[in-house]
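**Q** Pasting run_1.tsv below, which is TSV, C-alpha atoms.
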```tsv
chain	number	residue	atom	x	y	z
O	3	MET	CA	0.00	0.00	0.00
O	4	ILE	CA	1.23	3.49	-0.82
O	5	ALA	CA	1.50	5.83	2.17
O	6	ALA	CA	-1.24	8.48	2.24
O	7	SER	CA	1.35	11.29	2.44
O	8	ALA	CA	3.10	9.93	-0.67
O	9	ALA	CA	-0.19	9.70	-2.57
O	10	ARG	CA	-1.05	13.28	-1.57
O	11	ALA	CA	2.33	14.64	-2.69
O	12	MET	CA	2.14	12.81	-6.02
O	13	THR	CA	-1.49	13.83	-6.62
O	14	GLU	CA	-0.38	17.46	-6.35
O	15	LYS	CA	2.00	16.71	-9.25
O	16	ASN	CA	-0.83	15.06	-11.23
O	17	ILE	CA	0.63	11.60	-10.65
O	18	ASP	CA	-2.04	9.03	-9.81
O	19	LEU	CA	-0.77	6.28	-7.50
O	20	ARG	CA	-4.11	4.57	-6.87
O	21	GLU	CA	-3.16	1.51	-8.94
O	22	GLN	CA	0.44	1.40	-7.66
O	23	PHE	CA	2.05	-0.62	-4.89
O	24	PRO	CA	5.59	-1.02	-3.49
O	25	LYS	CA	7.59	-3.45	-5.60
O	26	HIS	CA	10.54	-5.66	-4.83
O	27	VAL	CA	13.55	-5.04	-7.07
O	28	ARG	CA	13.11	-8.52	-8.59
O	29	MET	CA	9.86	-7.29	-10.11
O	30	LEU	CA	11.75	-4.61	-12.06
O	31	SER	CA	13.76	-6.83	-14.40
O	32	ARG	CA	11.28	-6.46	-17.27
O	33	ALA	CA	10.13	-2.93	-16.50
O	34	GLU	CA	10.92	-0.02	-18.80
O	35	PHE	CA	12.49	2.99	-17.09
O	36	ASP	CA	15.50	5.25	-17.43
O	37	VAL	CA	16.92	5.13	-13.93
O	38	VAL	CA	16.50	3.33	-10.61
O	39	VAL	CA	16.70	5.54	-7.53
O	40	ASN	CA	17.84	3.38	-4.63
O	41	MET	CA	16.71	4.83	-1.30
O	42	SER	CA	16.82	1.52	0.56
O	43	GLY	CA	20.28	1.90	2.06
O	44	SER	CA	21.06	-1.59	0.75
O	45	LEU	CA	22.99	-2.69	-2.28
O	46	LEU	CA	20.82	-3.58	-5.25
O	47	PRO	CA	21.60	-6.43	-7.61
O	48	PRO	CA	22.76	-5.43	-11.09
O	49	LEU	CA	19.90	-4.26	-13.28
O	50	SER	CA	20.95	-4.96	-16.85
O	51	GLY	CA	21.24	-1.80	-18.89
O	52	LYS	CA	19.57	0.41	-16.33
O	53	ALA	CA	21.16	3.42	-14.65
O	54	LYS	CA	21.14	3.37	-10.86
O	55	VAL	CA	21.51	6.27	-8.45
O	56	ASP	CA	21.91	5.78	-4.70
O	57	TRP	CA	20.35	8.46	-2.49
O	58	ASP	CA	21.10	8.70	1.19
O	59	VAL	CA	17.57	9.54	2.29
O	60	PRO	CA	15.20	7.65	4.59
O	61	ASP	CA	12.93	4.99	3.12
O	62	PRO	CA	9.82	6.87	1.90
O	63	VAL	CA	7.48	4.49	3.69
O	64	MET	CA	8.44	6.21	6.96
O	65	MET	CA	8.22	9.77	5.61
O	66	GLY	CA	5.62	12.44	6.15
O	67	TYR	CA	4.07	14.71	3.54
O	68	ASP	CA	6.81	17.40	3.55
O	69	ASP	CA	9.50	14.77	3.12
O	70	HIS	CA	7.62	13.23	0.18
O	71	CYS	CA	7.56	16.65	-1.47
O	72	LEU	CA	11.34	16.90	-0.98
O	73	VAL	CA	11.88	13.48	-2.56
O	74	MET	CA	9.64	14.45	-5.48
O	75	ALA	CA	11.80	17.54	-6.03
O	76	LEU	CA	14.89	15.28	-6.10
O	77	VAL	CA	13.21	12.97	-8.62
O	78	GLN	CA	12.32	15.92	-10.85
O	79	GLU	CA	15.90	17.20	-10.66
O	80	LEU	CA	17.21	13.77	-11.62
O	81	ARG	CA	14.81	13.59	-14.58
O	82	ARG	CA	16.03	16.97	-15.82
O	83	GLU	CA	19.65	15.80	-15.57
O	84	VAL	CA	18.91	12.58	-17.47
O	85	LEU	CA	17.08	14.47	-20.22
O	86	TRP	CA	19.90	17.02	-20.45
O	87	GLN	CA	22.51	14.26	-20.76
O	88	ARG	CA	20.52	12.59	-23.56
O	89	ARG	CA	20.51	15.82	-25.53
O	90	GLN	CA	24.30	16.15	-25.35
```
What does this structure look like when you write it as structure tokens?

**A**
Amino acid sequence: MIAASAARAMTEKNIDLREQFPKHVRMLSRAEFDVVVNMSGSLLPPLSGKAKVDWDVPDPVMMGYDDHCLVMALVQELRREVLWQRRQ
């Protein structure tokens, strides 16, 4: 289940999480995405062909609303950097 504070923060960015749920990294092997943001504090197994960024922030499941907004700002910054690098 997605934390209510996370859903609220994402809804404000027009991101609907109603059909989403936390996923184990093993479920990501066939998923399509540009980058994995690891906030677990643990090492992740290699994800073939996928970029990985480790962030030293608390696991979002324990965060409040303001912290979710901060993480969303970090995600948006990362997306801008990835898009900028692709254009180079």

**Q** Given 6 Å on each side, where is the centre and what are the edge lengths in Å to one decimal of the axis-aligned box enclosing the listed atoms of region 72-81 of chain O, as JSON?

**A**
```
{"center_x": 13.4, "center_y": 15.3, "center_z": -7.8, "size_x": 19.6, "size_y": 16.6, "size_z": 25.6}
```

**Q** Find the distance between CA of Pro24 (chain O) and CA of Ile4 (chain O) and write it in Å to one decimal.

**A** 6.8 Å

**Q** In Å, rounded to a single decimal, give me how far CA of Arg81 (chain O) is from CA of Ala9 (chain O).

**A**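 CA of Ala9 (chain O) sits 19.6 Å away from CA of Arg81 (chain O).
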
**Q** Show me, as a ChimeraX atom specification, the residues that have an atom within 7 Å of Val38 (chain O) when counting only C-alpha atoms, minus same-chain residues fewer than 4 positions from it.

**A** /O:53-55

**Q** Looking at only C-alpha atoms, which of O:Val84, O:Pro47, O:Ala11, O:Lys25 is the one that sits closest to Asp69 (chain O)?

**A**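 Closest candidate: O:Ala11.
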
**Q** Just checking: using all atoms listed in the file, which residue out of O:Trp86, O:Leu76, O:Asp36, O:Met41 ends up closest to Met64 (chain O)?

**A**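 Among the listed residues, O:Met41 lies closest to Met64 (chain O).
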
**Q** Mind pulling up the distance from CA of Gly43 (chain O) to CA of Asp18 (chain O)?

**A**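 So the answer is 26.3 Å.
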